[in-house]
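Asks: Sending over a structure as structure tokens; questions will come in a sec.
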Amino acid sequence: MSDTHAESVAYVRDTMLKPQPAPAGESGAIRWLRENLFSGWLNTLLTVLGVLTIYFFVSHFASWFLHGVWKADSLAECRKIITAEYGQGATGACWAVIRDRWHQFIFGFYQRELYWRPVLTFLLLFVAVGPVLFQWVPKKLIWFTPIYPFLAVWLLWGGSVWGPILVAVGFVLAWIVFSLVGRYGSIAGFSAGAIVAILFWMFGVSPLAGILHAAIPLGIEPVESAKFGGFLLAITLGAGGIVMSLPLGVVLALGRQSDMFLIKTFSVVFIEFIRGVPLITLLFVASLLLNYFLPPGTNFDIILRVMILVTMFSAAYIAEVVRGGLAALPRGQYEAADALGLDYWKAQRLIILPQALKISIPGIVSTFIGMFKDTTLVAFVGLFDPLKGIPDFIRADFAWKGIYWEPFVFVGAIFFILNFAMSRYSMHLENRLQRDHR
Amino acid sequence: MTTAHDAPEHSGFRLSQLIYDTRYRSLTIQVVVFFLVMAFVGWLVDNTIQNLNALGKDFNFGFLWQRAGYDIGNALIPYNNDMTHGRAMLVGLVNTLWISFLGCVAATILGVVVGVLRLSKNWLVARMMTIYVEVFRNIPLLLWILVAIALLTEVAPSPNAYKINPETGEAKLSMVFESIAFTNRYTAIPSIHFDRSLGVIDTAFMPISLNVLAIAVVLGLCFWINKRLLAHAGRVQEATGKRPTTWWKSALILVVPTLALLIALGFNPDEPVLKGFNFTGGTNVSNSFVALWAGLSLYTAAFIAEIVRAGILAISKGQTEAAYALGLRPNRTMNLVILPQALRVIIPPLISQYLNLTKNSSLAIAVGYLELRGTLGGITLNQTGRELEAITLMMLLYLAISLTISGVMNVYNNRVKLKER
Amino acid sequence: ATLDDVKSRGELICGVNTGLVGFAAPDANGNWSGFDVAVCQAVAAAVLGDPSKVKYVPTTGQTRFTALGSGEVDLLARNTTWTYSRDTDLKLQFTATNYYDGQGFMVRKDSGVTSAKELDGASICIQTGTTTELNLADYFKANNMSYQPITVDSNAEGEQQFLAGACDAYTTDASGLAATRAAFANPQDYVILPEIISKEPLAPAVRQGDDQWTDIVRWTIFGLIAAEEYGVTSANIDELAKGTENPEVNRMLGTEGDLGAMLGLDKQWLVRAIKANGNYGEIFAATIGEQTPIGLARGLNAQWTQGGLLYAPPFR
Amino acid sequence: MAVSDEVAIQIENMNKWYGQFHVLRDIDLTVQRGERIVIAGPSGSGKSTLIRCINRLEEHQAGKIVVDGIELTNDLKNIDKVRREVGMVFQHFNLFPHLTILENLTLAPIWVRKTPKKEAIETAMHFLEKVKIPEQADKYPGQLSGGQQQRVAIARSLCMKPRIMLFDEPTSALDPEMIKEVLDTMIELAEEGMTMLCVTHEMGFAQAVANRVIFMADGQIVEQNNPHDFFNNPQSERTKQFLSQILGH
Amino acid sequence: MAVSDEVAIQIENMNKWYGQFHVLRDIDLTVQRGERIVIAGPSGSGKSTLIRCINRLEEHQAGKIVVDGIELTNDLKNIDKVRREVGMVFQHFNLFPHLTILENLTLAPIWVRKTPKKEAIETAMHFLEKVKIPEQADKYPGQLSGGQQQRVAIARSLCMKPRIMLFDEPTSALDPEMIKEVLDTMIELAEEGMTMLCVTHEMGFAQAVANRVIFMADGQIVEQNNPHDFFNNPQSERTKQFLSQILGH
Ligand SMILES: Nc1ncnc2c1ncn2[C@@H]1O[C@H](COP(=O)(O)OP(=O)(O)OP(=O)(O)O)[C@@H](O)[C@H]1O
Ligand SMILES: Nc1ncnc2c1ncn2[C@@H]1O[C@H](COP(=O)(O)OP(=O)(O)OP(=O)(O)O)[C@@H](O)[C@H]1O
Ligand SMILES: [Mg+2]
Ligand SMILES: [Mg+2]
């Protein structure tokens, strides 16, 4: 096998070499510049173009920002100050409008002395989603998560504490009935639980709430939804829509995965219909048509109606996200559950959904970002969203008529900060999930 | 070994089988669900009928044949206020399709450029593109549309600025190439005019210019010939290994006949001239259109850029290396190896972005561009008070557009699906 | 019936504009005020005894009629033109005209235009979803002129476009034009053309089919108008409510007869309605009159005795 | 290692198709209580399909399967009963990654058998000790090695106190050094007299514990015999060929 | 299996850094035409980097690499020439999934070597026969098993008629039963006298076909020798330690 030649090359290194620093020109600022900015005529051209673009933006907008006025009572006063300080024809931002009306951008017409309530609700939101989204939050806190929606509703809308509590009791009742009847089959338990809960909500809640409130009047000052506006409205609609749409979305996703033809068809039709039309048309349905579909005499306020349609809208999108999560589960999980004798509902509840939902969290967060941005469209049905509704009515005030750019910048910045943070976080989650995955 | 078991007797059908037998169980569930859903739908319909009766209204699309009475700023098909609401709806639909089409084209071009530049080795440009993508993705589209229209109205000059001052004989501003004028209400561009026109056929839907038809036919022919040429080049390559250079032949074939036809028809642009308040003669592209178009394209391009980037990144480094190791040049590698694969990854989400853009075109409401929502779902609805009919019809039309687009996507997906074991 | 609903609810739900200077706009604290809002408050005062018991539902041009038709609001006090088809086809019931308006045009002074007849070929900003669109089309057609409509979504946007010169003329109701112009940095650079191309009687509307409720709203408005005619103001009403020489005033203020009972209300209903924001003249002066930044003259909206069109039928 | 006369599983003339593809053809098989059967055969011969039919993870289209006296039909109640009696261990463990080991083990007893939680935990710990990893009870499956995971999977099945255990290539996804620990656990189980059906290519295991080896090819049972004769004196050509491949390495 | 005196690859004092990380240090290596070299070493020792430098998939920063008489510099033309002469087979096959097997094989000959299509197909079929899967020509890579894919990858390189072949752990992503079929193909190639550089941990293969085994650690060539001496009588500590790990199993 071995010939002379091969033998002659036998070689052993007796002293190992230490790593050497890379030769000059392989590091340092110059190299960085050369490699990253000027590594060829095309690259150089791009760099120059880039610099020119930046210069264009800075030269056009910097002075406007820098000449901003923070203290004034009206646009006219702003203009006067700018002219006085920077000379005739100078332009500048009139941030005074933000200073004067920031609370309306954030809270709409919510009573000022009650601002602590939405703020508290918002902070508690993090406690509620913490155990799901953040690893360092103690998992024990998860008990707070199901309580939170009721607490949030109560804090935001106020009124007697008994309403939300009784609605929650409805869920508890459903659970009890489900556990009792569940032994005769999951479907029976499920239906019985649902029927009991619905009956309780329809006929039990309001009289009982009345009685309880008369006996123990626990409550805080009620706030009607007409007072919601600005980011409070946007976040309430976005978050409320997502939370309420989760159960519906999960059901739709399961329906779409089902091998029962009719159920699959209904799910697909619903999902594709909702996803096939613009949100604006659904909002018009909320504002113009929903009352036609309900029994004569029923009347919700517009925010609730919009919430219903927003929920349906996000349910269709959540359903697709959850479907992705379901599809990502290996078949073995279903089979193992079957082999252990778990029936469909138990397998879904204990094995499949916990995993599928976890995988879906980044998708749900993205859906939420989309929803949150889309809530600006409610301006077109007469609600005070932060982007158009609030600025439009601020402009209906004589002092700020004609103000245009400052609200855009302010509202845009808030949207950007919130959404950017969320999208980064969801990317991080996605990476973590990929790492964690078995 | 004894058989310790007797087969259970197969008694007839028992009611409990409806629940416990796998064969009937799903049937039972489906029937129950079906009745529940139908009951729900019936309830909705019944409510609607009652409510309509209470209001003394009916469900009737007759309004579509009534006189509309309002004007539409930029109708692509002939329209005036004496025509019907149905016609106005059609105008809106055509406008929706038109803005969506142009939006998709612009968003794709921009998105691809940004997506590729984001991967560029140029640090500055890559960073700038990242900023662009993040800023546009995370701020509501509505804001971009409003910003676009505000910029256009505040920054661009009014048509007056192009007026020639009789004393000095000069205008404050002169038109670009003597034929394009940007103003704060529209962009005036030349329209096409033929000195030796072939005439126009009037159809009920829209007049068809024979000139345009002729040009389209000639262009189609040229493309066909060019395709033949390329196919020929391919055959030569197969036979000899050498590919003949074709680019200049292609260029000739594509350009010369069309040019000849244009000259024969006496083509010349009809340049806009300022008359009174406005430009006439050319075509005025309204700012609401431009703003909506810009907003939609810029916003969607940010998403497309991400899709393109992800698509290119998804084609593993190994593919490039394998191609290089085989001696393929970078541009050939791109054309023969990377792009065909990246496209499969890119196109499905790309099409769903097209869908989003089409749906988002309904935000025209913010700038007053009259598309489907503005005509049928806006003015018509308002003037006739037929909410139920108008909104139903509008949703169905949007749905039809969406389903068509996603149908195309499915066909494509099935065509290019990678063969797996 | 609506009256019972309102009473049991303890609150009047009033559909208003999402924000129109002088007519309906919330201030920094979210309190609504304006000419239309005053109607709501007067009705609330008459029915519920408290002008602040009103819930305002902002409506757009698109949503207003549905809001009323579906029972979401009890009363639509939003600048809405009384037209034949709305009255009949849309099943609305207009109560009484509280403002006589008409569609006009505003142009820049330096454009040199002095009459709407010179607007041939002009770009015109117009708010979508209103009668103005139809009027404009009709007017230009009748005068054999052409125009380029530039549709805008809201008044704010129309203003901005007009200011930036995106349109040569801005058209809307003359009251709106005046209000808009008043808020410009340099109002003197803009003129409102003399032509009024349409009749725009603005009237609060209610649902058809509830005559009692219609009458309450209608006669509350007439009451405000009549109060001005007879010199009943928020300042002297307490005095006059004790009894006056004028039997009609006595009937209105409940010191003679019981007109309120015919509406299902008490005797003092109109006293409270007038006290809420004063009589028609006071409301006008406080919200849109010449002393306000909007500075509208009474014009057609003067009492018939002053050469205007306001004419309340007798309280008898 | 006694084999009783009682029949645990009885398969008669069973046929199964996937669409038009005939996977199992005329399978006849009787398993006595306490028997340990190893099923071997080339890939695609239908081994997995066969044992998956026994707990109705797959539906058969013709013939009869009776498990523990219960015939597998479309009746869900029967299927449930059978699944409670039959434990199954998969090639890829299929532990539930979102639950701890202990939760994996107690889930089915609590929800299916309605065992009180305390009792379920006791049983679980008992079986974890049996597979020699009681100290891992509070970890998640992802934190365990493949061999440990497979042992947990076996324990999970045992917690349901099944009378029959099915194994589908339990060691083929494992690294060589882990195969032994799993086989040891299985041998121990065999010694306790559990009725076992095991698809495996571990011929050493077959020789050590099986009462019977079944050789399948093309969806049919080609040969069955006691391990000694099966390996030393195979009858059919297919078997010989297969054995030479498997052992020849 | 003769080794000629002609030099196929000459590497002198070559150094390479990734940023500040010194991956390859003072590499000196001469490969004669017809030589078959196996490169071994612990993970991260720079084996892949070394052979990737030879066809300039990585750039070296100091020293000289001459392949087939052509020095690798920044000159694109030289790089093209070298890449035409050097075939490379990767660990993960890197077949083009959107092209059929035949198209994978003819792509480079047609576009790089400008071979007429008919001729290219003939060559391709020839090499497919050589790697024993001519019947798969019209399938797509995704439809083949790993071993088949790797054989296609080898055939794809051969279609360019290279004078030198580089292999980077060609069998490490394969299931055990497929390793053999790939190694067989490579042995056949070796017997035909192809110059080969092969990074692999298959020591059986090294002993069977290599003229020389090179052991790398920490970016350096620590030891090289003929396979017999290398395995039986390793000199350096690092080598001994490595071999005990690899063979000790
Ligand atoms: N769900 C299915 N649909 C269609 N064919 C299937 C399905 N599952 C398995 N098959 C086919 O049925 C045949 C038998 O499959 P089975 O998994 O039982 O084989 P096996 O003997 O267990 O093989 P292996 O040793 O590879 O696991 C195979 O040809 C397989 O391709
Ligand atoms: N693109 C790169 N940038 C920075 N470091 C790299 C890069 N590629 C490889 N390295 C580092 O260079 C070193 C040598 O890598 P190389 O892939 O050549 O090792 P190897 O000997 O082939 O190892 P293995 O047996 O794992 O394939 C490793 O430490 C690796 O982390
Ligand atoms: Mg199997
Ligand atoms: Mg390597």
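Labels used: A, B, ... for chains in the order of the structure tokens, numbers from 1 for residues in each chain, and numbers from 1 for ligands as shown.
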Would you give me, as a VMD selection string, the residues of chain B that come within 8 Å of chain A, using only C-alpha atoms?
Replies: chain B and resid 26 to 27 30 33 to 34 44 to 45 47 to 48 50 to 52 121 to 125 128 134 to 135 138 to 143 147 359 to 360 362 to 363 387 to 388 391 394 to 395 398 to 399 402 to 403
Asks: Select the residues contacting ligand 2 at a distance of at most 12 Å, based on only C-alpha atoms and all ligand atoms, then format the selection as a PyMOL selection string.
Replies: (chain B and resi 317) or (chain E and resi 16-25+39-53+57-59+90-92+167-170+172-173+198-201+215-221)
Asks: Would you kindly report the residues of chain D within 12 Å of chain B, using only C-alpha atoms, as a PyMOL selection string?
Replies: chain D and resi 3-12+29-33+56+59+63-80
Asks: Take the selection from the previous step and output its residues with C-alpha atoms, as a PDB file, in the first residue's frame.
Replies:
ATOM      1  CA  VAL D   3     -47.525 -19.017  29.640  1.00  0.00           C
ATOM      2  CA  SER D   4     -51.130 -19.510  30.661  1.00  0.00           C
ATOM      3  CA  ASP D   5     -53.831 -21.024  28.565  1.00  0.00           C
ATOM      4  CA  GLU D   6     -55.842 -17.852  28.561  1.00  0.00           C
ATOM      5  CA  VAL D   7     -55.904 -15.993  25.282  1.00  0.00           C
ATOM      6  CA  ALA D   8     -54.721 -12.421  25.463  1.00  0.00           C
ATOM      7  CA  ILE D   9     -54.979 -11.422  21.840  1.00  0.00           C
ATOM      8  CA  GLN D  10     -56.746 -13.199  19.076  1.00  0.00           C
ATOM      9  CA  ILE D  11     -56.411 -12.026  15.494  1.00  0.00           C
ATOM     10  CA  GLU D  12     -58.357 -13.850  12.839  1.00  0.00           C
ATOM     11  CA  LEU D  29     -52.314 -14.734  15.395  1.00  0.00           C
ATOM     12  CA  THR D  30     -53.169 -15.925  18.872  1.00  0.00           C
ATOM     13  CA  VAL D  31     -51.229 -14.632  21.831  1.00  0.00           C
ATOM     14  CA  GLN D  32     -51.577 -16.399  25.171  1.00  0.00           C
ATOM     15  CA  ARG D  33     -51.459 -14.500  28.363  1.00  0.00           C
ATOM     16  CA  ARG D  56     -56.733   0.571  17.266  1.00  0.00           C
ATOM     17  CA  GLU D  59     -58.432   0.611  11.849  1.00  0.00           C
ATOM     18  CA  GLY D  63     -61.283  -9.878   9.957  1.00  0.00           C
ATOM     19  CA  LYS D  64     -61.426  -9.799  13.678  1.00  0.00           C
ATOM     20  CA  ILE D  65     -59.200  -8.606  16.487  1.00  0.00           C
ATOM     21  CA  VAL D  66     -60.125  -9.595  20.024  1.00  0.00           C
ATOM     22  CA  VAL D  67     -58.029  -8.196  22.821  1.00  0.00           C
ATOM     23  CA  ASP D  68     -58.573  -9.452  26.328  1.00  0.00           C
ATOM     24  CA  GLY D  69     -61.984 -10.708  25.362  1.00  0.00           C
ATOM     25  CA  ILE D  70     -63.069  -7.443  23.821  1.00  0.00           C
ATOM     26  CA  GLU D  71     -63.578  -7.275  20.098  1.00  0.00           C
ATOM     27  CA  LEU D  72     -62.277  -4.164  18.423  1.00  0.00           C
ATOM     28  CA  THR D  73     -65.158  -2.714  16.453  1.00  0.00           C
ATOM     29  CA  ASN D  74     -66.261   0.783  15.843  1.00  0.00           C
ATOM     30  CA  ASP D  75     -67.651   0.955  19.343  1.00  0.00           C
ATOM     31  CA  LEU D  76     -65.754   3.678  21.153  1.00  0.00           C
ATOM     32  CA  LYS D  77     -66.397   2.121  24.535  1.00  0.00           C
ATOM     33  CA  ASN D  78     -64.669  -1.073  23.521  1.00  0.00           C
ATOM     34  CA  ILE D  79     -61.778   0.843  22.069  1.00  0.00           C
ATOM     35  CA  ASP D  80     -61.418   2.746  25.309  1.00  0.00           C
TER      36      ASP D  80
END
Asks: Using only C-alpha atoms, I'd like every residue of chain D that has an atom within 9 Å of chain A; please write them out as a VMD selection string.
Replies: chain D and resid 55 to 57 79 to 84 86 to 90 92 to 99 107 to 109 111 to 112 141 to 143 156 to 157 160
Asks: Please list as a list in words every residue within 12 Å of D:His126, counting only C-alpha atoms and excluding residues in the same chain fewer than 5 positions away.
Replies: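 What passes the distance filter is Leu102, Leu105, Thr106, Glu119, Ala120, Ile121, Val131, Lys132, Ile133, Pro134, Glu135, Ala137, Val152, Ala155, Arg156, Leu158, Cys159 and Lys161 of chain D.
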